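Student: Input input_12.cif, format and content: mmCIF, C-alpha atoms (C1' of nucleotides).
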```
data_query
loop_
_atom_site.label_atom_id
_atom_site.label_comp_id
_atom_site.auth_asym_id
_atom_site.auth_seq_id
_atom_site.Cartn_x
_atom_site.Cartn_y
_atom_site.Cartn_z
CA MET A 1 -7.51 -6.12 -13.11
CA LYS A 2 -4.67 -6.63 -15.49
CA ALA A 3 -2.84 -8.83 -13.00
CA LYS A 4 -4.44 -12.04 -14.19
CA PRO A 5 -3.01 -12.32 -17.71
CA LEU A 6 0.43 -11.62 -16.28
CA GLN A 7 -0.01 -14.30 -13.68
CA GLU A 8 -0.96 -16.72 -16.44
CA LEU A 9 2.10 -15.70 -18.41
CA VAL A 10 4.26 -16.47 -15.42
CA GLN A 11 2.64 -19.86 -15.03
CA CYS A 12 3.26 -20.60 -18.71
CA ARG A 13 6.91 -19.69 -18.37
CA LEU A 14 7.24 -21.88 -15.33
CA ALA A 15 5.49 -24.73 -17.15
CA GLU A 16 7.91 -24.33 -20.05
CA ARG A 17 10.69 -25.01 -17.60
CA GLY A 18 9.02 -28.21 -16.48
CA LEU A 19 7.87 -26.65 -13.24
CA LYS A 20 4.53 -27.44 -11.75
CA SER A 21 1.80 -25.17 -10.51
CA SER A 22 0.43 -25.58 -7.05
CA ARG A 23 -1.92 -23.99 -4.56
CA ARG A 24 0.95 -22.36 -2.70
CA ARG A 25 2.66 -21.09 -5.78
CA GLU A 26 -0.56 -19.57 -7.03
CA ALA A 27 -1.18 -17.82 -3.76
CA ILE A 28 2.33 -16.38 -3.82
CA LEU A 29 1.98 -15.27 -7.43
CA LYS A 30 -1.31 -13.59 -6.67
CA ALA A 31 0.26 -11.84 -3.70
CA PHE A 32 3.20 -10.87 -5.88
CA PHE A 33 0.99 -9.12 -8.42
CA GLY A 34 -1.06 -7.49 -5.70
CA ALA A 35 1.94 -6.10 -3.79
CA ARG A 36 3.44 -2.68 -4.31
CA GLU A 37 6.13 -2.52 -6.93
CA HIS A 38 9.00 -2.83 -4.44
CA PHE A 39 8.53 -5.02 -1.40
CA THR A 40 10.42 -6.97 1.21
CA VAL A 41 10.17 -10.73 1.46
CA ASP A 42 8.30 -10.38 4.74
CA GLU A 43 5.75 -8.13 3.12
CA LEU A 44 5.08 -10.69 0.43
CA TYR A 45 4.99 -13.48 2.97
CA GLU A 46 2.27 -11.69 4.94
CA ARG A 47 0.29 -11.05 1.80
CA ALA A 48 0.56 -14.64 0.64
CA LYS A 49 -0.48 -15.91 4.04
CA MET A 50 -3.68 -13.90 3.79
CA LEU A 51 -4.50 -15.83 0.62
CA ASP A 52 -3.36 -19.21 1.92
CA PRO A 53 -2.44 -19.36 5.60
CA LYS A 54 -0.43 -22.52 5.09
CA VAL A 55 2.15 -20.89 2.84
CA GLY A 56 5.61 -21.20 4.36
CA TYR A 57 8.39 -18.69 4.58
CA THR A 58 10.81 -20.90 2.68
CA THR A 59 8.43 -21.28 -0.22
CA VAL A 60 8.02 -17.54 -0.54
CA TRP A 61 11.78 -17.17 -0.75
CA ARG A 62 12.05 -19.97 -3.24
CA THR A 63 9.30 -18.61 -5.42
CA LEU A 64 10.91 -15.20 -5.46
CA LYS A 65 14.17 -16.71 -6.62
CA LEU A 66 12.25 -18.53 -9.30
CA LEU A 67 10.57 -15.30 -10.37
CA ALA A 68 13.95 -13.62 -10.44
CA GLU A 69 15.40 -16.39 -12.60
CA THR A 70 12.49 -16.15 -14.98
CA GLY A 71 12.91 -12.40 -15.14
CA PHE A 72 9.65 -11.34 -13.52
CA ALA A 73 11.27 -10.02 -10.38
CA ALA A 74 14.58 -8.42 -9.56
CA PRO A 75 16.26 -8.43 -6.16
CA GLN A 76 17.39 -5.05 -4.86
CA LYS A 77 19.68 -4.40 -1.94
CA PHE A 78 19.28 -0.97 -0.46
CA HIS A 79 20.85 -0.03 2.79
CA ASP A 80 18.20 -0.99 5.29
CA GLY A 81 19.57 -4.47 5.82
CA PHE A 82 17.31 -6.71 3.83
CA ILE A 83 16.57 -7.62 0.29
CA ARG A 84 13.62 -6.14 -1.50
CA TYR A 85 12.24 -7.42 -4.75
CA GLU A 86 10.72 -5.38 -7.51
CA ARG A 87 8.31 -6.57 -10.10
CA VAL A 88 9.68 -6.38 -13.61
CA ILE A 89 7.12 -5.56 -16.25
CA GLU A 90 9.19 -4.34 -19.12
CA GLU A 91 12.85 -4.74 -18.61
CA ARG A 92 14.26 -1.27 -18.63
CA HIS A 93 16.94 0.22 -16.48
CA HIS A 94 16.03 2.71 -13.80
CA ASP A 95 17.36 4.15 -10.57
CA HIS A 96 15.71 4.58 -7.20
CA LEU A 97 14.48 7.19 -4.75
CA ILE A 98 14.26 5.57 -1.32
CA CYS A 99 12.31 7.13 1.50
CA ILE A 100 14.13 6.59 4.78
CA GLY A 101 10.92 7.48 6.59
CA CYS A 102 8.44 4.93 5.27
CA GLY A 103 10.65 2.70 3.15
CA ASN A 104 8.74 3.42 -0.02
CA VAL A 105 10.68 3.24 -3.25
CA GLU A 106 10.13 5.26 -6.41
CA GLU A 107 11.87 4.88 -9.73
CA PHE A 108 13.41 7.33 -12.11
CA THR A 109 15.77 7.55 -15.02
CA ASP A 110 17.66 10.42 -16.49
CA ALA A 111 19.24 10.12 -19.88
CA ARG A 112 21.71 12.91 -19.19
CA ILE A 113 23.09 11.12 -16.15
CA GLU A 114 23.34 7.82 -18.02
CA LYS A 115 25.34 9.55 -20.72
CA ILE A 116 27.70 11.21 -18.27
CA GLN A 117 28.26 7.91 -16.49
CA GLU A 118 29.36 6.32 -19.73
CA THR A 119 31.72 9.17 -20.40
CA ILE A 120 33.26 8.80 -16.97
CA ALA A 121 33.73 5.05 -17.39
CA LEU A 122 35.19 5.52 -20.85
CA SER A 123 37.66 8.14 -19.74
CA ARG A 124 39.02 5.71 -17.15
CA ARG A 125 39.04 2.73 -19.51
CA PHE A 126 36.58 1.10 -17.16
CA ALA A 127 34.38 -1.51 -18.88
CA MET A 128 31.12 -0.70 -17.14
CA THR A 129 28.61 -3.54 -16.99
CA HIS A 130 25.93 -1.86 -14.91
CA HIS A 131 25.41 0.79 -12.33
CA ARG A 132 23.23 1.76 -9.42
CA MET A 133 22.11 5.14 -8.27
CA GLU A 134 20.09 5.66 -5.14
CA LEU A 135 18.76 8.92 -3.77
CA TYR A 136 17.91 8.68 -0.07
CA GLY A 137 15.74 11.10 1.83
CA TYR A 138 12.16 11.78 2.88
CA CYS A 139 9.27 11.48 0.50
CA ARG A 140 6.78 14.31 0.34
CA ALA A 141 4.46 12.80 2.95
CA CYS A 142 7.20 11.89 5.41
CA ASP A 143 8.84 15.25 5.02
CA ALA A 144 5.57 17.03 5.80
CA ARG A 145 5.07 14.82 8.83
CA ARG A 146 8.55 15.63 10.07
CA ALA A 147 8.04 19.34 9.58
CA THR A 148 4.87 19.18 11.66
CA ARG A 149 6.56 17.27 14.44
CA ARG A 150 9.44 19.73 14.57
CA LYS A 151 7.04 22.63 14.78
CA GLY A 152 5.06 20.88 17.51
CA ARG A 153 8.19 20.38 19.55
CA ARG A 154 9.18 24.00 19.17
CA ASN A 155 5.81 25.16 20.44
CA GLY A 156 5.43 22.53 23.15
CA MET B 157 55.98 8.26 4.73
CA LYS B 158 53.21 10.66 5.54
CA ALA B 159 51.26 8.02 7.40
CA LYS B 160 52.89 8.73 10.72
CA PRO B 161 51.59 12.23 11.45
CA LEU B 162 48.09 11.04 10.55
CA GLN B 163 48.39 8.08 12.85
CA GLU B 164 49.48 10.43 15.62
CA LEU B 165 46.50 12.64 14.89
CA VAL B 166 44.21 9.65 15.27
CA GLN B 167 45.82 8.75 18.55
CA CYS B 168 45.37 12.30 19.79
CA ARG B 169 41.70 12.22 18.87
CA LEU B 170 41.25 8.93 20.62
CA ALA B 171 43.08 10.27 23.67
CA GLU B 172 40.79 13.30 23.70
CA ARG B 173 37.90 10.89 24.08
CA GLY B 174 39.56 9.30 27.07
CA LEU B 175 40.56 6.25 25.08
CA LYS B 176 43.83 4.53 25.61
CA SER B 177 46.46 3.49 23.15
CA SER B 178 47.69 -0.06 23.05
CA ARG B 179 49.95 -2.39 21.15
CA ARG B 180 46.99 -3.91 19.31
CA ARG B 181 45.42 -0.60 18.47
CA GLU B 182 48.70 0.72 17.13
CA ALA B 183 49.15 -2.32 14.93
CA ILE B 184 45.66 -1.91 13.55
CA LEU B 185 46.15 1.80 12.96
CA LYS B 186 49.41 1.18 11.18
CA ALA B 187 47.72 -1.46 9.04
CA PHE B 188 44.88 0.96 8.39
CA PHE B 189 47.19 3.63 7.03
CA GLY B 190 49.14 1.09 5.04
CA ALA B 191 46.08 -0.49 3.40
CA ARG B 192 44.60 0.57 0.10
CA GLU B 193 42.03 3.29 0.31
CA HIS B 194 39.07 0.88 0.29
CA PHE B 195 39.42 -2.45 2.01
CA THR B 196 37.42 -5.24 3.58
CA VAL B 197 37.65 -6.02 7.26
CA ASP B 198 39.38 -9.29 6.45
CA GLU B 199 42.00 -7.47 4.44
CA LEU B 200 42.76 -5.20 7.37
CA TYR B 201 42.74 -8.12 9.76
CA GLU B 202 45.38 -9.93 7.70
CA ARG B 203 47.48 -6.81 7.50
CA ALA B 204 47.24 -6.14 11.21
CA LYS B 205 48.15 -9.73 12.01
CA MET B 206 51.36 -9.31 10.05
CA LEU B 207 52.31 -6.49 12.38
CA ASP B 208 51.10 -8.19 15.54
CA PRO B 209 50.05 -11.83 15.19
CA LYS B 210 48.03 -11.67 18.39
CA VAL B 211 45.54 -9.12 17.08
CA GLY B 212 42.02 -10.54 17.17
CA TYR B 213 39.24 -10.28 14.66
CA THR B 214 36.89 -8.63 17.11
CA THR B 215 39.36 -5.91 17.90
CA VAL B 216 39.81 -5.08 14.25
CA TRP B 217 36.06 -4.66 13.93
CA ARG B 218 35.89 -2.59 17.06
CA THR B 219 38.73 -0.36 16.02
CA LEU B 220 37.14 0.23 12.63
CA LYS B 221 33.92 1.29 14.31
CA LEU B 222 35.94 3.61 16.47
CA LEU B 223 37.67 5.06 13.44
CA ALA B 224 34.30 5.49 11.80
CA GLU B 225 32.91 7.30 14.85
CA THR B 226 35.93 9.58 14.93
CA GLY B 227 35.52 10.29 11.24
CA PHE B 228 38.72 8.70 9.96
CA ALA B 229 36.98 5.83 8.21
CA ALA B 230 33.64 5.39 6.50
CA PRO B 231 31.84 2.07 6.05
CA GLN B 232 30.68 1.28 2.52
CA LYS B 233 28.29 -1.44 1.48
CA PHE B 234 28.65 -2.49 -2.10
CA HIS B 235 27.00 -5.54 -3.52
CA ASP B 236 29.52 -8.25 -2.86
CA GLY B 237 28.08 -9.07 0.53
CA PHE B 238 30.43 -7.50 2.97
CA ILE B 239 31.28 -4.15 4.38
CA ARG B 240 34.30 -2.30 3.15
CA TYR B 241 35.82 0.68 4.86
CA GLU B 242 37.43 3.62 3.22
CA ARG B 243 39.95 5.94 4.75
CA VAL B 244 38.67 9.48 5.04
CA ILE B 245 41.30 12.14 4.57
CA GLU B 246 39.29 15.18 3.75
CA GLU B 247 35.61 14.76 4.07
CA ARG B 248 34.14 15.30 0.65
CA HIS B 249 31.41 13.45 -1.11
CA HIS B 250 32.28 11.12 -3.95
CA ASP B 251 30.89 8.13 -5.80
CA HIS B 252 32.49 4.81 -6.68
CA LEU B 253 33.70 2.70 -9.56
CA ILE B 254 33.84 -0.93 -8.41
CA CYS B 255 35.76 -3.57 -10.32
CA ILE B 256 33.85 -6.85 -10.23
CA GLY B 257 37.02 -8.64 -11.29
CA CYS B 258 39.49 -7.71 -8.56
CA GLY B 259 37.28 -5.81 -6.13
CA ASN B 260 39.28 -2.64 -6.41
CA VAL B 261 37.43 0.60 -5.82
CA GLU B 262 38.06 4.00 -7.38
CA GLU B 263 36.38 7.26 -6.57
CA PHE B 264 34.92 9.97 -8.71
CA THR B 265 32.63 12.96 -8.55
CA ASP B 266 30.81 14.82 -11.22
CA ALA B 267 29.26 18.18 -10.49
CA ARG B 268 26.83 17.89 -13.40
CA ILE B 269 25.38 14.67 -12.04
CA GLU B 270 25.09 16.10 -8.54
CA LYS B 271 23.16 19.03 -9.92
CA ILE B 272 20.80 16.86 -11.93
CA GLN B 273 20.16 14.67 -8.91
CA GLU B 274 19.08 17.69 -6.94
CA THR B 275 16.78 18.78 -9.70
CA ILE B 276 15.18 15.35 -9.81
CA ALA B 277 14.63 15.28 -6.05
CA LEU B 278 13.24 18.79 -6.10
CA SER B 279 10.79 18.08 -8.89
CA ARG B 280 9.35 15.21 -6.84
CA ARG B 281 9.31 17.15 -3.60
CA PHE B 282 11.70 14.58 -2.23
CA ALA B 283 13.86 15.89 0.62
CA MET B 284 17.11 14.23 -0.35
CA THR B 285 19.54 13.64 2.50
CA HIS B 286 22.23 11.75 0.62
CA HIS B 287 22.79 9.54 -2.35
CA ARG B 288 24.94 6.73 -3.66
CA MET B 289 26.09 6.05 -7.14
CA GLU B 290 28.08 3.01 -8.08
CA LEU B 291 29.44 2.04 -11.47
CA TYR B 292 30.21 -1.67 -11.70
CA GLY B 293 32.39 -3.30 -14.33
CA TYR B 294 35.95 -4.33 -15.07
CA CYS B 295 38.90 -2.07 -14.43
CA ARG B 296 41.43 -1.61 -17.18
CA ALA B 297 43.67 -4.46 -15.99
CA CYS B 298 40.86 -6.95 -15.45
CA ASP B 299 39.27 -6.08 -18.75
CA ALA B 300 42.56 -6.72 -20.56
CA ARG B 301 42.94 -10.02 -18.74
CA ARG B 302 39.45 -11.07 -19.74
CA ALA B 303 40.05 -10.14 -23.36
CA THR B 304 43.18 -12.32 -23.42
CA ARG B 305 41.37 -15.27 -21.90
CA ARG B 306 38.54 -15.01 -24.41
CA LYS B 307 41.01 -14.96 -27.28
CA GLY B 308 42.85 -17.97 -25.86
CA ARG B 309 39.63 -19.93 -25.63
CA ARG B 310 38.69 -19.07 -29.18
CA ASN B 311 42.05 -20.31 -30.50
CA GLY B 312 42.28 -23.37 -28.27
"C1'" DT C 313 -3.65 -45.17 -10.05
"C1'" DA C 314 1.24 -46.13 -9.65
"C1'" DA C 315 5.47 -44.23 -10.57
"C1'" DA C 316 8.34 -40.29 -11.43
"C1'" DA C 317 9.07 -35.62 -10.93
"C1'" DT C 318 8.49 -31.62 -8.44
"C1'" DA C 319 6.95 -28.78 -4.42
"C1'" DT C 320 6.72 -27.97 0.44
"C1'" DG C 321 7.91 -26.47 5.16
"C1'" DA C 322 10.12 -27.35 9.59
"C1'" DA C 323 14.27 -27.28 11.21
"C1'" DA C 324 19.10 -26.90 10.81
"C1'" DA C 325 22.93 -24.56 8.67
"C1'" DT C 326 25.33 -20.45 6.99
"C1'" DG C 327 27.90 -16.44 7.41
"C1'" DG C 328 28.70 -11.60 7.99
"C1'" DG C 329 28.53 -8.81 11.79
"C1'" DT C 330 27.84 -7.85 17.04
"C1'" DT C 331 27.77 -8.67 21.95
"C1'" DT C 332 29.31 -10.81 26.22
"C1'" DC C 333 32.37 -11.63 29.76
"C1'" DA C 334 36.35 -13.10 32.13
"C1'" DT C 335 40.93 -11.63 31.71
"C1'" DT C 336 44.71 -8.42 30.55
"C1'" DT C 337 46.65 -3.89 29.73
"C1'" DT C 338 47.05 1.01 30.33
"C1'" DC C 339 47.83 5.04 32.93
"C1'" DA C 340 47.07 8.38 36.52
"C1'" DT C 341 48.12 8.60 41.27
"C1'" DC C 342 50.52 7.65 45.20
"C1'" DG D 343 57.49 0.88 41.18
"C1'" DA D 344 53.09 -0.35 43.33
"C1'" DT D 345 47.96 0.30 43.08
"C1'" DG D 346 43.53 0.29 41.16
"C1'" DA D 347 39.96 2.24 38.25
"C1'" DA D 348 39.06 2.57 33.52
"C1'" DA D 349 39.62 0.77 29.15
"C1'" DA D 350 41.05 -2.91 25.87
"C1'" DT D 351 41.12 -7.62 24.42
"C1'" DG D 352 39.73 -12.08 22.27
"C1'" DA D 353 37.26 -16.37 22.40
"C1'" DA D 354 33.02 -17.79 22.18
"C1'" DA D 355 28.24 -17.03 22.09
"C1'" DC D 356 24.81 -14.62 19.80
"C1'" DC D 357 21.96 -12.31 16.10
"C1'" DC D 358 19.30 -12.51 12.07
"C1'" DA D 359 18.44 -12.45 7.14
"C1'" DT D 360 18.99 -15.86 3.95
"C1'" DT D 361 19.93 -20.73 2.30
"C1'" DT D 362 20.08 -25.65 2.53
"C1'" DT D 363 18.49 -30.16 3.98
"C1'" DC D 364 15.43 -33.76 4.17
"C1'" DA D 365 11.43 -36.33 4.93
"C1'" DT D 366 6.83 -35.79 3.36
"C1'" DA D 367 3.10 -34.21 0.29
"C1'" DT D 368 1.37 -32.85 -4.18
"C1'" DT D 369 1.19 -32.73 -9.07
"C1'" DT D 370 1.75 -34.75 -13.48
"C1'" DT D 371 2.52 -38.46 -16.70
"C1'" DA D 372 1.81 -42.60 -18.56
#
```
Would you write the structure of this file as structure tokens?
Tutor:
Amino acid sequence: MKAKPLQELVQCRLAERGLKSSRRREAILKAFFGAREHFTVDELYERAKMLDPKVGYTTVWRTLKLLAETGFAAPQKFHDGFIRYERVIEERHHDHLICIGCGNVEEFTDARIEKIQETIALSRRFAMTHHRMELYGYCRACDARRATRRKGRRNG
Amino acid sequence: MKAKPLQELVQCRLAERGLKSSRRREAILKAFFGAREHFTVDELYERAKMLDPKVGYTTVWRTLKLLAETGFAAPQKFHDGFIRYERVIEERHHDHLICIGCGNVEEFTDARIEKIQETIALSRRFAMTHHRMELYGYCRACDARRATRRKGRRNG
DNA sequence: TAAAATATGAAAATGGGTTTCATTTTCATC
DNA sequence: GATGAAAATGAAACCCATTTTCATATTTTA
């Protein structure tokens, strides 16, 4: 139940920019704060439609871009072919663990790695602006499921 | 001048698969071995056309897929919107430094980082299959160029 | 409540990347 | 050096996530 104040904050920020609030926009914002932290545009679209069936695909896209511009969302391209967005609460860098089974995304950071990265860039006189690190594999649940299936096949 | 034996090796491998050699294919292979280690499809297309102006775009794509299947090339998606390929000489994992000025790509590996990554995955019971790490920024040359331009603007 | 500004969504456009298909080339065999 | 089956080719059509267009609807302001 802490979604509401955030949603209001977003609406304030939008208002500051001379943007208007509307039924559709509110539905999309509500869906945005109710979604998991990393989601595809389609996922958000489905969610928003549950709140207001008249919401259009285009508007969801547009609103996400708006949220990205205002800093509340950040687009992420992993390697499954379409853009995901993540909600940004406090702006801090992090990297991702991506489950290739269920598509779920977790975050992590490691100070040691960050430091080493800087050293590497420095040693090559490379003026690093940002970086990405993605670990792909199976999350605990998916891995267990796979193990079961393999065993089943062996026995069957 | 060590491109030739490699090109012959590729042609042998293709022959083993029952594939035929052809003027076009040879032009593309020659372009492939003459290109920089990481290149876009367009880059290779232009190069191949210089060797045989009749080479088509589709064939370049197809040949790259073929090279990827045979293990001589590996597709890479960075975040500038299109696929690059890299030549694979010896198959060993590495990560990338990508210049956002000129698009050039360098490689690196760091054993310490690899180790830490494994630890992170392990601690989350995440069955890691692979990972990607990309450092974005300006290479030495581009950074110098930018510094000059900034100075010029300040004085002008 | 009229005018001005902004939001909306259906449909069309975009643009890498892929597939199709009629035609051409290769190569083993005669 | 002819033959034909298999493979290669390229132009054009297609795919599909994302973006743009544009006529209409909604919100805000005055």
Student: Just want the 10 Å neighbourhood of range 313-329 of chain C, counted on all atoms listed in the file, with same-chain residues fewer than 5 positions away dropped. Output as JSON, numbers by chain.
Tutor: {"A": [18, 19, 20, 21, 22, 24, 25, 54, 55, 56, 57, 58, 59], "B": [214, 217, 237, 238, 239], "D": [357, 358, 360, 361, 362, 363, 364, 366, 367, 368, 369, 370, 371, 372]}
Student: By how many Å are CA of Ala35 in chain A and CA of Leu278 in chain B apart?
Tutor: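 Rounded to one decimal, the two atoms are 27.4 Å apart.
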Student: Can you spell out as a count of residues only the set of residues that the PyMOL selection byres ((chain D and resi 350) around 7) selects in the structure I just provided?
Tutor: 3
Student: What would you get as a CSV table (one decimal) with C-alpha atoms, keeping the file's coordinate frame if chain B were moved onto chain A by least squares over all of its C-alpha atoms in order?
Tutor:
```csv
chain,number,residue,atom,x,y,z
B,157,MET,CA,-7.7,-6.1,-12.9
B,158,LYS,CA,-4.8,-6.6,-15.3
B,159,ALA,CA,-3.0,-8.8,-12.9
B,160,LYS,CA,-4.6,-12.0,-14.1
B,161,PRO,CA,-3.2,-12.3,-17.6
B,162,LEU,CA,0.3,-11.6,-16.2
B,163,GLN,CA,-0.1,-14.2,-13.6
B,164,GLU,CA,-1.2,-16.7,-16.3
B,165,LEU,CA,1.9,-15.7,-18.3
B,166,VAL,CA,4.1,-16.5,-15.4
B,167,GLN,CA,2.4,-19.8,-14.9
B,168,CYS,CA,3.0,-20.6,-18.6
B,169,ARG,CA,6.7,-19.7,-18.3
B,170,LEU,CA,7.0,-21.9,-15.3
B,171,ALA,CA,5.2,-24.7,-17.1
B,172,GLU,CA,7.6,-24.4,-20.0
B,173,ARG,CA,10.4,-25.1,-17.6
B,174,GLY,CA,8.7,-28.2,-16.5
B,175,LEU,CA,7.6,-26.7,-13.2
B,176,LYS,CA,4.3,-27.4,-11.7
B,177,SER,CA,1.6,-25.1,-10.4
B,178,SER,CA,0.3,-25.5,-6.9
B,179,ARG,CA,-2.0,-23.9,-4.4
B,180,ARG,CA,0.9,-22.3,-2.5
B,181,ARG,CA,2.6,-21.0,-5.7
B,182,GLU,CA,-0.6,-19.5,-6.9
B,183,ALA,CA,-1.2,-17.7,-3.6
B,184,ILE,CA,2.3,-16.3,-3.7
B,185,LEU,CA,1.9,-15.2,-7.3
B,186,LYS,CA,-1.3,-13.5,-6.6
B,187,ALA,CA,0.3,-11.8,-3.6
B,188,PHE,CA,3.2,-10.8,-5.8
B,189,PHE,CA,1.0,-9.1,-8.4
B,190,GLY,CA,-1.0,-7.4,-5.6
B,191,ALA,CA,2.0,-6.0,-3.8
B,192,ARG,CA,3.5,-2.6,-4.3
B,193,GLU,CA,6.2,-2.5,-7.0
B,194,HIS,CA,9.0,-2.8,-4.5
B,195,PHE,CA,8.6,-5.0,-1.5
B,196,THR,CA,10.5,-6.9,1.1
B,197,VAL,CA,10.2,-10.7,1.4
B,198,ASP,CA,8.4,-10.3,4.7
B,199,GLU,CA,5.9,-8.0,3.1
B,200,LEU,CA,5.2,-10.6,0.4
B,201,TYR,CA,5.1,-13.4,3.0
B,202,GLU,CA,2.4,-11.6,5.0
B,203,ARG,CA,0.4,-10.9,1.9
B,204,ALA,CA,0.6,-14.5,0.7
B,205,LYS,CA,-0.4,-15.8,4.2
B,206,MET,CA,-3.6,-13.8,3.9
B,207,LEU,CA,-4.4,-15.7,0.8
B,208,ASP,CA,-3.3,-19.1,2.1
B,209,PRO,CA,-2.3,-19.2,5.8
B,210,LYS,CA,-0.3,-22.4,5.2
B,211,VAL,CA,2.2,-20.8,3.0
B,212,GLY,CA,5.7,-21.1,4.4
B,213,TYR,CA,8.5,-18.6,4.6
B,214,THR,CA,10.9,-20.8,2.7
B,215,THR,CA,8.5,-21.2,-0.2
B,216,VAL,CA,8.1,-17.5,-0.5
B,217,TRP,CA,11.9,-17.1,-0.8
B,218,ARG,CA,12.1,-19.9,-3.2
B,219,THR,CA,9.3,-18.6,-5.4
B,220,LEU,CA,10.9,-15.2,-5.5
B,221,LYS,CA,14.2,-16.7,-6.7
B,222,LEU,CA,12.2,-18.5,-9.3
B,223,LEU,CA,10.5,-15.3,-10.4
B,224,ALA,CA,13.9,-13.7,-10.5
B,225,GLU,CA,15.3,-16.5,-12.7
B,226,THR,CA,12.4,-16.2,-15.0
B,227,GLY,CA,12.8,-12.5,-15.2
B,228,PHE,CA,9.6,-11.4,-13.6
B,229,ALA,CA,11.2,-10.0,-10.4
B,230,ALA,CA,14.6,-8.4,-9.7
B,231,PRO,CA,16.3,-8.4,-6.3
B,232,GLN,CA,17.4,-5.1,-5.0
B,233,LYS,CA,19.8,-4.4,-2.1
B,234,PHE,CA,19.4,-1.0,-0.6
B,235,HIS,CA,21.0,0.0,2.7
B,236,ASP,CA,18.4,-1.0,5.2
B,237,GLY,CA,19.8,-4.5,5.6
B,238,PHE,CA,17.4,-6.7,3.7
B,239,ILE,CA,16.7,-7.6,0.1
B,240,ARG,CA,13.7,-6.1,-1.6
B,241,TYR,CA,12.3,-7.4,-4.9
B,242,GLU,CA,10.8,-5.4,-7.6
B,243,ARG,CA,8.3,-6.6,-10.2
B,244,VAL,CA,9.7,-6.4,-13.7
B,245,ILE,CA,7.1,-5.6,-16.3
B,246,GLU,CA,9.2,-4.4,-19.2
B,247,GLU,CA,12.9,-4.8,-18.7
B,248,ARG,CA,14.4,-1.3,-18.7
B,249,HIS,CA,17.1,0.2,-16.6
B,250,HIS,CA,16.1,2.7,-13.9
B,251,ASP,CA,17.5,4.1,-10.7
B,252,HIS,CA,15.8,4.5,-7.3
B,253,LEU,CA,14.5,7.1,-4.9
B,254,ILE,CA,14.3,5.5,-1.4
B,255,CYS,CA,12.3,7.1,1.4
B,256,ILE,CA,14.1,6.5,4.7
B,257,GLY,CA,10.9,7.4,6.5
B,258,CYS,CA,8.4,4.8,5.2
B,259,GLY,CA,10.7,2.6,3.0
B,260,ASN,CA,8.8,3.3,-0.1
B,261,VAL,CA,10.7,3.2,-3.4
B,262,GLU,CA,10.2,5.2,-6.6
B,263,GLU,CA,11.9,4.8,-9.9
B,264,PHE,CA,13.5,7.3,-12.2
B,265,THR,CA,15.9,7.5,-15.1
B,266,ASP,CA,17.7,10.4,-16.6
B,267,ALA,CA,19.4,10.1,-20.0
B,268,ARG,CA,21.8,12.9,-19.2
B,269,ILE,CA,23.2,11.1,-16.2
B,270,GLU,CA,23.5,7.8,-18.0
B,271,LYS,CA,25.5,9.6,-20.7
B,272,ILE,CA,27.8,11.3,-18.2
B,273,GLN,CA,28.4,8.0,-16.4
B,274,GLU,CA,29.5,6.4,-19.7
B,275,THR,CA,31.9,9.3,-20.3
B,276,ILE,CA,33.4,8.9,-16.9
B,277,ALA,CA,33.9,5.2,-17.3
B,278,LEU,CA,35.4,5.7,-20.7
B,279,SER,CA,37.8,8.3,-19.6
B,280,ARG,CA,39.2,5.9,-17.0
B,281,ARG,CA,39.3,3.0,-19.3
B,282,PHE,CA,36.8,1.3,-17.0
B,283,ALA,CA,34.7,-1.3,-18.8
B,284,MET,CA,31.4,-0.6,-17.1
B,285,THR,CA,28.9,-3.5,-16.9
B,286,HIS,CA,26.2,-1.8,-14.9
B,287,HIS,CA,25.6,0.8,-12.3
B,288,ARG,CA,23.4,1.8,-9.4
B,289,MET,CA,22.2,5.1,-8.3
B,290,GLU,CA,20.1,5.7,-5.2
B,291,LEU,CA,18.8,8.9,-3.8
B,292,TYR,CA,17.9,8.6,-0.2
B,293,GLY,CA,15.7,11.0,1.8
B,294,TYR,CA,12.1,11.7,2.8
B,295,CYS,CA,9.2,11.4,0.4
B,296,ARG,CA,6.7,14.2,0.2
B,297,ALA,CA,4.4,12.6,2.8
B,298,CYS,CA,7.1,11.7,5.3
B,299,ASP,CA,8.7,15.1,4.9
B,300,ALA,CA,5.4,16.8,5.7
B,301,ARG,CA,5.0,14.6,8.7
B,302,ARG,CA,8.4,15.4,10.0
B,303,ALA,CA,7.9,19.1,9.5
B,304,THR,CA,4.7,18.9,11.6
B,305,ARG,CA,6.4,17.0,14.4
B,306,ARG,CA,9.2,19.5,14.5
B,307,LYS,CA,6.8,22.4,14.8
B,308,GLY,CA,4.8,20.6,17.5
B,309,ARG,CA,8.0,20.1,19.5
B,310,ARG,CA,9.0,23.7,19.2
B,311,ASN,CA,5.6,24.9,20.5
B,312,GLY,CA,5.3,22.3,23.2
```
Student: Could you check how far CA of His249 in chain B sits from CA of Ala224 in chain B, in Å to one decimal?
Tutor: 15.4 Å
Student: Rounded to one decimal, what separation in Å do you get between CA of Arg240 in chain B and CA of Thr196 in chain B?
Tutor: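 Computing it gives 4.3 Å between the two atoms.
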Student: On this file, the PyMOL selection byres ((chain B) within 6 of (chain A)) gives some set of residues; write that set as an MDAnalysis selection string.
Tutor: chainID B and resid 269 281:296
Student: Which residues, named as in the file, does the PyMOL selection byres ((chain D and resi 347) around 10) pick out? Answer as a PyMOL selection string.
Tutor: (chain C and resi 339-340) or (chain D and resi 345-346+348-349)
Student: Which polymer residues have any atom within 12 Å of an atom of Gln11 in chain A, counting all atoms listed in the file, with same-chain residues fewer than 5 positions away left out, as JSON, numbers by chain?
Tutor: {"A": [4, 5, 6, 16, 17, 18, 19, 20, 21, 22, 25, 26, 28, 29, 30, 63, 66, 67, 70, 72]}
